[in-house]
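Heads up, model_36.cif below (mmCIF, N, CA and C atoms):
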```
data_protein
loop_
_atom_site.label_atom_id
_atom_site.label_comp_id
_atom_site.auth_asym_id
_atom_site.auth_seq_id
_atom_site.Cartn_x
_atom_site.Cartn_y
_atom_site.Cartn_z
N MET A 172 -116.08 -127.33 -158.60
CA MET A 172 -114.70 -126.93 -158.42
C MET A 172 -114.56 -126.28 -157.03
N GLN A 173 -113.55 -126.69 -156.30
CA GLN A 173 -113.34 -126.17 -154.96
C GLN A 173 -112.69 -124.79 -155.02
N LYS A 174 -112.85 -124.06 -153.92
CA LYS A 174 -112.32 -122.70 -153.85
C LYS A 174 -110.81 -122.67 -154.08
N SER A 175 -110.07 -123.58 -153.47
CA SER A 175 -108.62 -123.57 -153.63
C SER A 175 -108.20 -123.86 -155.08
N GLU A 176 -108.97 -124.69 -155.77
CA GLU A 176 -108.68 -124.98 -157.17
C GLU A 176 -108.92 -123.75 -158.03
N ILE A 177 -109.97 -123.03 -157.75
CA ILE A 177 -110.28 -121.80 -158.48
C ILE A 177 -109.20 -120.76 -158.22
N GLU A 178 -108.79 -120.64 -156.96
CA GLU A 178 -107.74 -119.68 -156.61
C GLU A 178 -106.43 -120.03 -157.32
N SER A 179 -106.11 -121.31 -157.40
CA SER A 179 -104.88 -121.75 -158.07
C SER A 179 -104.93 -121.38 -159.55
N LYS A 180 -106.05 -121.64 -160.19
CA LYS A 180 -106.19 -121.31 -161.60
C LYS A 180 -106.10 -119.80 -161.83
N LEU A 181 -106.61 -119.03 -160.89
CA LEU A 181 -106.53 -117.58 -161.00
C LEU A 181 -105.09 -117.10 -160.90
N VAL A 182 -104.30 -117.69 -160.01
CA VAL A 182 -102.89 -117.33 -159.88
C VAL A 182 -102.15 -117.66 -161.18
N VAL A 183 -102.38 -118.84 -161.72
CA VAL A 183 -101.74 -119.23 -162.98
C VAL A 183 -102.11 -118.22 -164.07
N PHE A 184 -103.38 -117.89 -164.18
CA PHE A 184 -103.83 -116.95 -165.21
C PHE A 184 -103.20 -115.57 -165.02
N GLU A 185 -103.11 -115.11 -163.77
CA GLU A 185 -102.52 -113.79 -163.52
C GLU A 185 -101.06 -113.76 -163.96
N PHE A 186 -100.29 -114.79 -163.64
CA PHE A 186 -98.90 -114.83 -164.05
C PHE A 186 -98.78 -114.96 -165.57
N TYR A 187 -99.69 -115.67 -166.19
CA TYR A 187 -99.73 -115.77 -167.65
C TYR A 187 -99.91 -114.38 -168.25
N GLU A 188 -100.87 -113.64 -167.74
CA GLU A 188 -101.15 -112.29 -168.24
C GLU A 188 -99.96 -111.36 -167.99
N TYR A 189 -99.38 -111.42 -166.79
CA TYR A 189 -98.22 -110.58 -166.48
C TYR A 189 -97.06 -110.87 -167.43
N ALA A 190 -96.80 -112.15 -167.67
CA ALA A 190 -95.69 -112.54 -168.53
C ALA A 190 -95.92 -112.08 -169.97
N LEU A 191 -97.12 -112.27 -170.47
CA LEU A 191 -97.42 -111.80 -171.83
C LEU A 191 -97.27 -110.29 -171.95
N GLN A 192 -97.72 -109.58 -170.95
CA GLN A 192 -97.59 -108.12 -170.98
C GLN A 192 -96.12 -107.71 -170.94
N ASP A 193 -95.33 -108.39 -170.12
CA ASP A 193 -93.90 -108.08 -170.08
C ASP A 193 -93.24 -108.32 -171.43
N ILE A 194 -93.60 -109.41 -172.10
CA ILE A 194 -93.05 -109.71 -173.42
C ILE A 194 -93.48 -108.63 -174.42
N LYS A 195 -94.74 -108.24 -174.36
CA LYS A 195 -95.22 -107.17 -175.25
C LYS A 195 -94.50 -105.86 -174.98
N ASP A 196 -94.10 -105.66 -173.71
CA ASP A 196 -93.40 -104.42 -173.33
C ASP A 196 -91.92 -104.46 -173.65
N GLY A 197 -91.42 -105.60 -174.19
CA GLY A 197 -90.04 -105.64 -174.65
C GLY A 197 -89.11 -106.61 -173.96
N ILE A 198 -89.57 -107.30 -172.94
CA ILE A 198 -88.72 -108.31 -172.31
C ILE A 198 -88.57 -109.48 -173.28
N THR A 199 -87.36 -109.95 -173.45
CA THR A 199 -87.13 -111.04 -174.39
C THR A 199 -87.58 -112.37 -173.79
N VAL A 200 -87.74 -113.35 -174.66
CA VAL A 200 -88.11 -114.69 -174.19
C VAL A 200 -87.00 -115.26 -173.31
N ASP A 201 -85.75 -114.98 -173.64
CA ASP A 201 -84.64 -115.44 -172.80
C ASP A 201 -84.72 -114.84 -171.40
N GLU A 202 -85.02 -113.55 -171.34
CA GLU A 202 -85.15 -112.90 -170.03
C GLU A 202 -86.33 -113.49 -169.25
N MET A 203 -87.42 -113.74 -169.95
CA MET A 203 -88.59 -114.32 -169.29
C MET A 203 -88.29 -115.74 -168.83
N SER A 204 -87.48 -116.46 -169.59
CA SER A 204 -87.07 -117.81 -169.18
C SER A 204 -86.24 -117.75 -167.90
N HIS A 205 -85.44 -116.70 -167.77
CA HIS A 205 -84.67 -116.52 -166.54
C HIS A 205 -85.62 -116.26 -165.36
N VAL A 206 -86.63 -115.45 -165.59
CA VAL A 206 -87.64 -115.20 -164.54
C VAL A 206 -88.30 -116.52 -164.14
N LEU A 207 -88.61 -117.34 -165.14
CA LEU A 207 -89.20 -118.65 -164.88
C LEU A 207 -88.28 -119.49 -163.99
N SER A 208 -87.00 -119.48 -164.29
CA SER A 208 -86.03 -120.23 -163.49
C SER A 208 -86.01 -119.76 -162.04
N CYS A 209 -86.14 -118.46 -161.84
CA CYS A 209 -86.17 -117.92 -160.47
C CYS A 209 -87.38 -118.43 -159.70
N PHE A 210 -88.53 -118.46 -160.36
CA PHE A 210 -89.73 -118.97 -159.70
C PHE A 210 -89.62 -120.48 -159.45
N GLU A 211 -88.94 -121.19 -160.35
CA GLU A 211 -88.71 -122.63 -160.13
C GLU A 211 -87.86 -122.85 -158.89
N GLU A 212 -86.81 -122.04 -158.73
CA GLU A 212 -85.96 -122.15 -157.55
C GLU A 212 -86.74 -121.90 -156.27
N GLU A 213 -87.71 -120.99 -156.33
CA GLU A 213 -88.56 -120.69 -155.18
C GLU A 213 -89.68 -121.72 -155.01
N GLU A 214 -89.77 -122.65 -155.95
CA GLU A 214 -90.81 -123.68 -155.96
C GLU A 214 -92.22 -123.08 -156.01
N ASN A 215 -92.34 -121.97 -156.74
CA ASN A 215 -93.63 -121.32 -156.95
C ASN A 215 -94.19 -121.86 -158.27
N TYR A 216 -94.75 -123.04 -158.20
CA TYR A 216 -95.13 -123.76 -159.41
C TYR A 216 -96.36 -123.19 -160.11
N LEU A 217 -97.21 -122.50 -159.40
CA LEU A 217 -98.35 -121.86 -160.05
C LEU A 217 -97.87 -120.71 -160.94
N ALA A 218 -96.94 -119.93 -160.42
CA ALA A 218 -96.35 -118.86 -161.23
C ALA A 218 -95.63 -119.46 -162.43
N CYS A 219 -94.90 -120.53 -162.21
CA CYS A 219 -94.18 -121.20 -163.30
C CYS A 219 -95.13 -121.64 -164.40
N ALA A 220 -96.25 -122.20 -164.02
CA ALA A 220 -97.22 -122.68 -165.01
C ALA A 220 -97.71 -121.54 -165.88
N GLY A 221 -98.01 -120.41 -165.28
CA GLY A 221 -98.49 -119.26 -166.04
C GLY A 221 -97.42 -118.69 -166.96
N ILE A 222 -96.21 -118.53 -166.44
CA ILE A 222 -95.12 -117.97 -167.24
C ILE A 222 -94.75 -118.91 -168.38
N LYS A 223 -94.65 -120.19 -168.08
CA LYS A 223 -94.30 -121.17 -169.11
C LYS A 223 -95.34 -121.18 -170.22
N SER A 224 -96.60 -121.13 -169.85
CA SER A 224 -97.66 -121.11 -170.84
C SER A 224 -97.58 -119.85 -171.72
N ALA A 225 -97.28 -118.73 -171.11
CA ALA A 225 -97.15 -117.48 -171.87
C ALA A 225 -95.99 -117.57 -172.86
N ILE A 226 -94.85 -118.10 -172.41
CA ILE A 226 -93.70 -118.24 -173.30
C ILE A 226 -94.04 -119.16 -174.46
N GLU A 227 -94.66 -120.29 -174.16
CA GLU A 227 -95.02 -121.25 -175.21
C GLU A 227 -96.00 -120.65 -176.21
N ASN A 228 -97.03 -119.98 -175.71
CA ASN A 228 -98.02 -119.37 -176.60
C ASN A 228 -97.40 -118.28 -177.47
N TYR A 229 -96.53 -117.48 -176.88
CA TYR A 229 -95.88 -116.41 -177.63
C TYR A 229 -94.99 -116.99 -178.72
N THR A 230 -94.15 -117.96 -178.38
CA THR A 230 -93.24 -118.53 -179.38
C THR A 230 -94.01 -119.26 -180.48
N GLU A 231 -95.11 -119.91 -180.14
CA GLU A 231 -95.93 -120.58 -181.15
C GLU A 231 -96.56 -119.55 -182.08
N THR A 232 -97.00 -118.45 -181.55
CA THR A 232 -97.59 -117.39 -182.37
C THR A 232 -96.55 -116.82 -183.34
N ILE A 233 -95.34 -116.62 -182.85
CA ILE A 233 -94.26 -116.11 -183.71
C ILE A 233 -93.96 -117.10 -184.83
N LYS A 234 -93.90 -118.38 -184.52
CA LYS A 234 -93.64 -119.42 -185.53
C LYS A 234 -94.71 -119.41 -186.61
N GLN A 235 -95.96 -119.24 -186.20
CA GLN A 235 -97.06 -119.26 -187.16
C GLN A 235 -97.01 -118.05 -188.09
N LYS A 236 -96.49 -116.94 -187.61
CA LYS A 236 -96.42 -115.73 -188.43
C LYS A 236 -95.28 -115.77 -189.43
N GLN A 237 -94.32 -116.67 -189.24
CA GLN A 237 -93.16 -116.71 -190.14
C GLN A 237 -93.42 -117.50 -191.38
#
```
Rewritten as structure tokens:
Amino acid sequence: MQKSEIESKLVVFEFYEYALQDIKDGITVDEMSHVLSCFEEEENYLACAGIKSAIENYTETIKQKQ
């Protein structure tokens, strides 16, 4: 794995962790989706990947608990 690929995966993971923590701290999925849209407008696709994954994992976890 090349250094740039590792760095990219690290950025995605960091945004994933930040997004999950924000959701745990009380930010709604709708608010997080708005944050995702802002990063999409900026074309920051690594951040988008992490945030989108966090939203999907969180909503899937909620569905499984119901």
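Residues lying within 8 Å of region 183-191 of chain A, counting all atoms listed in the file and ignoring same-chain neighbours fewer than 5 positions away, are Ile177, Glu178, Asp196, Gly197, Met203, Tyr216, Leu217, Ala218, Cys219, Ala220, Gly221, Ile222, Lys223, Ser224, Ala225, Ile226 and Tyr229 of chain A.
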Kindly export the residues of the current selection with N, CA and C atoms, as a tab-separated table (two decimals), in the frame of the given file.
```tsv
chain	number	residue	atom	x	y	z
A	177	ILE	N	-109.97	-123.03	-157.75
A	177	ILE	CA	-110.28	-121.80	-158.48
A	177	ILE	C	-109.20	-120.76	-158.22
A	178	GLU	N	-108.79	-120.64	-156.96
A	178	GLU	CA	-107.74	-119.68	-156.61
A	178	GLU	C	-106.43	-120.03	-157.32
A	196	ASP	N	-94.10	-105.66	-173.71
A	196	ASP	CA	-93.40	-104.42	-173.33
A	196	ASP	C	-91.92	-104.46	-173.65
A	197	GLY	N	-91.42	-105.60	-174.19
A	197	GLY	CA	-90.04	-105.64	-174.65
A	197	GLY	C	-89.11	-106.61	-173.96
A	203	MET	N	-87.42	-113.74	-169.95
A	203	MET	CA	-88.59	-114.32	-169.29
A	203	MET	C	-88.29	-115.74	-168.83
A	216	TYR	N	-94.75	-123.04	-158.20
A	216	TYR	CA	-95.13	-123.76	-159.41
A	216	TYR	C	-96.36	-123.19	-160.11
A	217	LEU	N	-97.21	-122.50	-159.40
A	217	LEU	CA	-98.35	-121.86	-160.05
A	217	LEU	C	-97.87	-120.71	-160.94
A	218	ALA	N	-96.94	-119.93	-160.42
A	218	ALA	CA	-96.35	-118.86	-161.23
A	218	ALA	C	-95.63	-119.46	-162.43
A	219	CYS	N	-94.90	-120.53	-162.21
A	219	CYS	CA	-94.18	-121.20	-163.30
A	219	CYS	C	-95.13	-121.64	-164.40
A	220	ALA	N	-96.25	-122.20	-164.02
A	220	ALA	CA	-97.22	-122.68	-165.01
A	220	ALA	C	-97.71	-121.54	-165.88
A	221	GLY	N	-98.01	-120.41	-165.28
A	221	GLY	CA	-98.49	-119.26	-166.04
A	221	GLY	C	-97.42	-118.69	-166.96
A	222	ILE	N	-96.21	-118.53	-166.44
A	222	ILE	CA	-95.12	-117.97	-167.24
A	222	ILE	C	-94.75	-118.91	-168.38
A	223	LYS	N	-94.65	-120.19	-168.08
A	223	LYS	CA	-94.30	-121.17	-169.11
A	223	LYS	C	-95.34	-121.18	-170.22
A	224	SER	N	-96.60	-121.13	-169.85
A	224	SER	CA	-97.66	-121.11	-170.84
A	224	SER	C	-97.58	-119.85	-171.72
A	225	ALA	N	-97.28	-118.73	-171.11
A	225	ALA	CA	-97.15	-117.48	-171.87
A	225	ALA	C	-95.99	-117.57	-172.86
A	226	ILE	N	-94.85	-118.10	-172.41
A	226	ILE	CA	-93.70	-118.24	-173.30
A	226	ILE	C	-94.04	-119.16	-174.46
A	229	TYR	N	-96.53	-117.48	-176.88
A	229	TYR	CA	-95.88	-116.41	-177.63
A	229	TYR	C	-94.99	-116.99	-178.72
```
Enclose all atoms of region 224-234 of chain A listed in the file in an axis-aligned box, grow every side by 5 Å, and hand back centre and edge lengths in Å to one decimal, as AutoDock Vina command-line options.
```
--center_x -95.6 --center_y -118.7 --center_z -178.2 --size_x 14.8 --size_y 15.1 --size_z 26.8
```
**Length of the atom N of Lys180 (chain A) to atom N of Glu214 (chain A) vector [Å]** =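 Between these atoms lies a distance of 16.9 Å.
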**Prompt:** For the atom pair CA of Glu202 (chain A) and CA of Glu176 (chain A), what is the interatomic distance in Å to one decimal place?
**Reply:**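 Separation between CA of Glu202 (chain A) and CA of Glu176 (chain A): 29.4 Å.
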**Message:** Please compute the atom C of Thr199 (chain A)-CA of Asn215 (chain A) distance, one decimal, in Å.
**Reply:**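 These atoms are spaced 20.0 Å apart.
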**Message:** Let's see if you can do this: from backbone DSSP, list all alpha helix (DSSP H) residues in chain A, as an MDAnalysis selection string.
**Reply:** chainID A and resid 174:195 200:212 216:236
